[in-house]
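Undergrad: Before anything else, here's the structure in question.
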Amino acid sequence: MSQAGQHTDRSAARSPGLMLTLATVGFLVNFWAWNLVAPLGSTYGTELDLTAFQVSAVVAVPVIVGSVGRIPIGALTDRLGARVMFPAVSVVTILPTLFVGFVANSFALLVIGGFFLGIGGTTFAVGIPFVNAWYPPARRGLALGIFGMGTAGTAVAAFTTVAIADAYGRPAPFVLVSVVLAIYAVVAWVALRDSPDRPPAATGSMLQRTWQTVKIPVTLQLSLIYAMGFGGFVAFSVYLPTYLINDFDLTRTDASLRTAGFIVLAVVARPVGGWLSDRFHPIPVLTACFVTAGAMAVLAALRLELLPAGTVAFLAMAATLGAASGACFALVARVAPPGTVGSVTGIVGAAGGLGGFFPPLVMGAVYGATGAYTIGFLLLALSALGVAAFTWWPVRRASRDHAPTAKGQP
């Protein structure tokens, strides 16, 4: 038997469930590294005498790099496959993780370290086409939603970073994550296999393939949707500790724990959004999520007591933004042309991360100028309601044209 045939046989013998589990763990571990700076944002601000805007920039830089980096990583995944890309990205992420832990002791060094730490956030564009190829269309929404639970890595960072740093020293959480990344890279190289149903490797230059993907109308439509859904989640996951400390005088530990609760709920809601999209259709799921998120942003803008009104508002936003993130990639699985899922995911994922880059900067600037976050939450509400309308009208029409096998069209 030829070597290629042997590889196909080994791939076919792999369980889709095992592959999904390995991909989700890899996504979680890399996201853990990606979000290490955010829980320490207020600490860096105090120790280094940073302004509110500088703190926002420090926590936002990994987000933008992890977002824009998804475009080339998604294109490389279409060509090389996830079996190569998952361990490669994990190994590369180790270096900036250690740099931030041991070397970054100024604003400039934190920005540099955070820039390269953003590489960990690109694993999203590796896992989506990988999982998509292992599952049939009728089950992709739930499978992609489960993979999306790897965003729990941000919750792990929120729960553990401050406590580990206080107990064992500032470098300790960075050393721990570096070791976990190294272990995962070895396991992924040994056990991960691309699906035998994976489309043929993409050809042509990366720039040419990326430009061809951008010209697909649904790519930009999905990008706007994900910028709102996942971007909103990322923005809160990195900035919520700072907001809670500034606006409600919570302790650093209390703010981190509450943020972790927000993240956990959003993560759990993600496969729910995918499951609902399999059962009904992504369009009504997305529309309902964005309308609800917009209403909750208005409630947050009123700056009511944290218990119960403020907590209800943030938990409802967590659930709806998480479900919208799952529903968005259920829609990607329906409308992306075969062989382009990695490239489409890279661009859409980049938009989602960019959606998470700007709100912390806006929140920091608004708070610095007005001493309150009201304007920031009202802008979030307007954005969510606008995307809901965009989803229900132009995107709904486009999905009818690009999903001939989908059932339950709205």
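Just remember, in the structure tokens the first chain shown is A, the second B, etc., residues are 1-based per chain, and ligands are 1-based in the order shown.
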Contacts of Ala318 in chain A at 9 Å or less, counting only C-alpha atoms, minus same-chain residues fewer than 2 places along, as a list in words?

TA: Gly232, Phe233, Phe236, Phe262, Ile263, Val264, Leu265, Ala266, Val267, Ala269, Ala293, Ala313, Phe314, Leu315, Ala316, Thr320, Leu321, Gly322 and Ala323 of chain A

Undergrad: Per residue of range 1-113 of chain A within 8 Å of range 362-375 of chain A, record the nearest atom pair and its distance in Å to one decimal, counting only C-alpha atoms, with rows in chain order and ascending residue number, as a tab-separated table.

TA:
```
residue	atom	partner	partner_atom	distance
A:Ala52	CA	A:Gly364	CA	5.6
A:Phe53	CA	A:Gly364	CA	5.2
A:Ser56	CA	A:Gly364	CA	6.1
```

Undergrad: Given the selection you just returned, output its residues as a file containing N, CA and C atoms, formatted as a short mmCIF file (atom, residue, chain, number, x, y, z; two decimals), in the first residue's frame.

TA:
```
data_model
loop_
_atom_site.label_atom_id
_atom_site.label_comp_id
_atom_site.auth_asym_id
_atom_site.auth_seq_id
_atom_site.Cartn_x
_atom_site.Cartn_y
_atom_site.Cartn_z
N ALA A 52 -5.48 55.05 31.95
CA ALA A 52 -6.57 54.12 31.63
C ALA A 52 -6.47 53.68 30.17
N PHE A 53 -6.09 54.61 29.29
CA PHE A 53 -5.98 54.26 27.87
C PHE A 53 -4.82 53.30 27.65
N SER A 56 -5.86 49.88 28.62
CA SER A 56 -6.73 49.34 27.57
C SER A 56 -5.90 48.84 26.39
#
```

Undergrad: Residues of range 58-99 of chain A that have any atom at most 7 Å from an atom of range 162-182 of chain A: could you tabulate them with the shortest-distance atom pair and the distance in Å to one decimal, using only C-alpha atoms, ordered by chain and increasing number, as a tab-separated table?

TA:
```
residue	atom	partner	partner_atom	distance
A:Ser90	CA	A:Leu181	CA	5.7
A:Val91	CA	A:Ala182	CA	6.3
A:Ile94	CA	A:Ser178	CA	5.1
A:Thr97	CA	A:Phe174	CA	5.8
A:Leu98	CA	A:Phe174	CA	5.9
```

Undergrad: Using the selection just defined, write its residues with C-alpha atoms as a PDB file, in the first residue's frame.

TA:
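So out_28.pdb came out as:
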```pdb
ATOM      1  CA  SER A  90       1.332  26.157  20.097  1.00  0.00           C
ATOM      2  CA  VAL A  91       5.133  25.993  19.996  1.00  0.00           C
ATOM      3  CA  ILE A  94       5.578  29.638  24.101  1.00  0.00           C
ATOM      4  CA  THR A  97       4.438  33.790  26.923  1.00  0.00           C
ATOM      5  CA  LEU A  98       7.802  33.493  28.659  1.00  0.00           C
TER       6      LEU A  98
END
```

Undergrad: I want to know what sits within 10 Å of Cys289 in chain A, based on only C-alpha atoms, with residues of the same chain fewer than 2 positions away left out; could you give that as JSON, numbers by chain?

TA: {"A": [229, 273, 283, 284, 285, 286, 287, 291, 292, 293, 294, 316, 317, 319, 320, 321, 322, 323, 324, 325, 327, 384, 385, 388]}

Undergrad: Using only C-alpha atoms, tabulate the residues of range 296-406 of chain A lying at most 10 Å from any atom of range 128-131 of chain A, each with its closest atom pair and that distance in Å to one decimal, by chain and increasing residue number, as CSV.

TA:
```
residue,atom,partner,partner_atom,distance
A:Phe329,CA,A:Ile128,CA,8.2
A:Val332,CA,A:Ile128,CA,9.6
A:Ala333,CA,A:Pro129,CA,8.9
A:Gly339,CA,A:Pro129,CA,8.9
A:Thr340,CA,A:Pro129,CA,8.5
A:Val341,CA,A:Pro129,CA,5.4
A:Gly342,CA,A:Pro129,CA,5.0
A:Ser343,CA,A:Pro129,CA,8.8
A:Val344,CA,A:Pro129,CA,9.2
A:Thr345,CA,A:Ile128,CA,6.9
A:Gly346,CA,A:Ile128,CA,9.2
A:Gly349,CA,A:Ile128,CA,9.7
```

Undergrad: Please produce a file of the residues just selected, as a CSV table (one decimal), in the first residue's frame, where the atoms kept are N, CA and C atoms.

TA:
```csv
chain,number,residue,atom,x,y,z
A,329,PHE,N,-20.8,30.6,13.1
A,329,PHE,CA,-20.1,29.6,12.4
A,329,PHE,C,-20.9,28.4,12.0
A,332,VAL,N,-21.5,29.8,8.7
A,332,VAL,CA,-20.3,29.7,7.8
A,332,VAL,C,-20.3,28.3,7.2
A,333,ALA,N,-20.6,27.3,8.0
A,333,ALA,CA,-20.6,25.9,7.5
A,333,ALA,C,-21.6,25.7,6.4
A,339,GLY,N,-13.6,23.9,0.3
A,339,GLY,CA,-12.2,24.2,0.2
A,339,GLY,C,-11.8,25.6,0.6
A,340,THR,N,-12.7,26.4,1.1
A,340,THR,CA,-12.4,27.8,1.5
A,340,THR,C,-12.7,28.0,2.9
A,341,VAL,N,-13.2,27.0,3.7
A,341,VAL,CA,-13.6,27.2,5.0
A,341,VAL,C,-12.5,27.8,5.9
A,342,GLY,N,-11.3,27.4,5.7
A,342,GLY,CA,-10.2,27.9,6.5
A,342,GLY,C,-10.0,29.4,6.2
A,343,SER,N,-10.0,29.7,4.9
A,343,SER,CA,-9.7,31.1,4.5
A,343,SER,C,-10.9,32.0,5.0
A,344,VAL,N,-12.1,31.5,4.8
A,344,VAL,CA,-13.3,32.3,5.2
A,344,VAL,C,-13.2,32.5,6.7
A,345,THR,N,-12.9,31.4,7.4
A,345,THR,CA,-12.8,31.4,8.9
A,345,THR,C,-11.8,32.4,9.3
A,346,GLY,N,-10.6,32.4,8.6
A,346,GLY,CA,-9.6,33.4,9.0
A,346,GLY,C,-10.0,34.8,8.9
A,349,GLY,N,-12.9,35.3,11.5
A,349,GLY,CA,-12.4,35.3,12.8
A,349,GLY,C,-11.6,36.5,13.1
```

Undergrad: Excluding Phe358 in chain A and residues on its chain fewer than 6 positions from it, collect all residues at most 12 Å away from it, counting only C-alpha atoms, and give them as a PDB file with C-alpha atoms, in the first residue's frame.

TA:
```
ATOM      1  CA  PHE A  53      -5.981  54.256  27.874  1.00  0.00           C
ATOM      2  CA  SER A  56      -6.729  49.340  27.567  1.00  0.00           C
ATOM      3  CA  ALA A  57      -4.013  49.205  24.905  1.00  0.00           C
ATOM      4  CA  VAL A  59      -4.951  44.220  27.141  1.00  0.00           C
ATOM      5  CA  ALA A  60      -6.159  44.900  23.591  1.00  0.00           C
ATOM      6  CA  VAL A  61      -2.919  44.349  21.651  1.00  0.00           C
ATOM      7  CA  VAL A  63      -6.581  40.642  20.702  1.00  0.00           C
ATOM      8  CA  ILE A  64      -5.837  42.534  17.495  1.00  0.00           C
ATOM      9  CA  SER A  67      -7.420  38.489  15.115  1.00  0.00           C
ATOM     10  CA  ALA A 227     -17.385  41.218  14.888  1.00  0.00           C
ATOM     11  CA  MET A 228     -20.484  41.890  16.973  1.00  0.00           C
ATOM     12  CA  GLY A 231     -16.030  40.758  19.393  1.00  0.00           C
ATOM     13  CA  GLY A 232     -18.446  41.671  22.160  1.00  0.00           C
ATOM     14  CA  VAL A 234     -13.731  39.248  23.730  1.00  0.00           C
ATOM     15  CA  ALA A 235     -14.132  42.901  24.653  1.00  0.00           C
ATOM     16  CA  PHE A 236     -15.838  42.056  27.925  1.00  0.00           C
ATOM     17  CA  VAL A 238     -10.490  41.461  28.573  1.00  0.00           C
ATOM     18  CA  TYR A 239     -11.965  44.719  29.892  1.00  0.00           C
ATOM     19  CA  ALA A 351     -13.197  40.485  12.133  1.00  0.00           C
ATOM     20  CA  GLY A 352     -14.417  38.956  15.380  1.00  0.00           C
ATOM     21  CA  GLY A 364     -11.090  53.502  28.313  1.00  0.00           C
ATOM     22  CA  ALA A 365     -11.336  56.743  26.336  1.00  0.00           C
ATOM     23  CA  GLY A 376     -19.803  53.246  25.705  1.00  0.00           C
ATOM     24  CA  LEU A 379     -22.810  52.677  21.499  1.00  0.00           C
ATOM     25  CA  LEU A 380     -22.762  48.914  22.138  1.00  0.00           C
TER      26      LEU A 380
END
```

Undergrad: Give me, as a Markdown table, the closest atom pair and its distance (Å, one decimal) for every residue of range 28-124 of chain A within a cut-off of 9 Å of range 185-188 of chain A, counting only C-alpha atoms, rows sorted by chain and rising number.

TA:
```
| residue | atom | partner | partner_atom | distance |
| --- | --- | --- | --- | --- |
| A:Arg83 | CA | A:Ala188 | CA | 7.0 |
| A:Val84 | CA | A:Ala188 | CA | 8.7 |
| A:Phe86 | CA | A:Ala188 | CA | 6.9 |
| A:Pro87 | CA | A:Ala185 | CA | 4.2 |
| A:Ala88 | CA | A:Ala185 | CA | 7.3 |
| A:Val89 | CA | A:Ala185 | CA | 8.5 |
| A:Ser90 | CA | A:Ala185 | CA | 5.9 |
| A:Val91 | CA | A:Ala185 | CA | 6.4 |
```

Undergrad: I need the chosen residues saved as a tab-separated table (two decimals), in the first residue's frame, with C-alpha atoms.

TA:
```tsv
chain	number	residue	atom	x	y	z
A	83	ARG	CA	-2.22	18.43	12.10
A	84	VAL	CA	0.71	20.69	11.19
A	86	PHE	CA	-2.03	23.18	15.76
A	87	PRO	CA	1.36	22.06	17.15
A	88	ALA	CA	3.20	24.77	15.18
A	89	VAL	CA	1.13	27.64	16.59
A	90	SER	CA	1.33	26.16	20.10
A	91	VAL	CA	5.13	25.99	20.00
```

Undergrad: With 7 Å as the cut-off and only C-alpha atoms counted, what is the closest atom pair between each nearby residue of range 11-56 of chain A and range 108-120 of chain A? Distances in Å to one decimal, ordered by chain and number, as CSV.

TA:
```
residue,atom,partner,partner_atom,distance
A:Asn30,CA,A:Gly120,CA,4.7
A:Phe31,CA,A:Gly120,CA,6.0
A:Ala33,CA,A:Gly120,CA,6.4
A:Trp34,CA,A:Gly120,CA,5.2
```
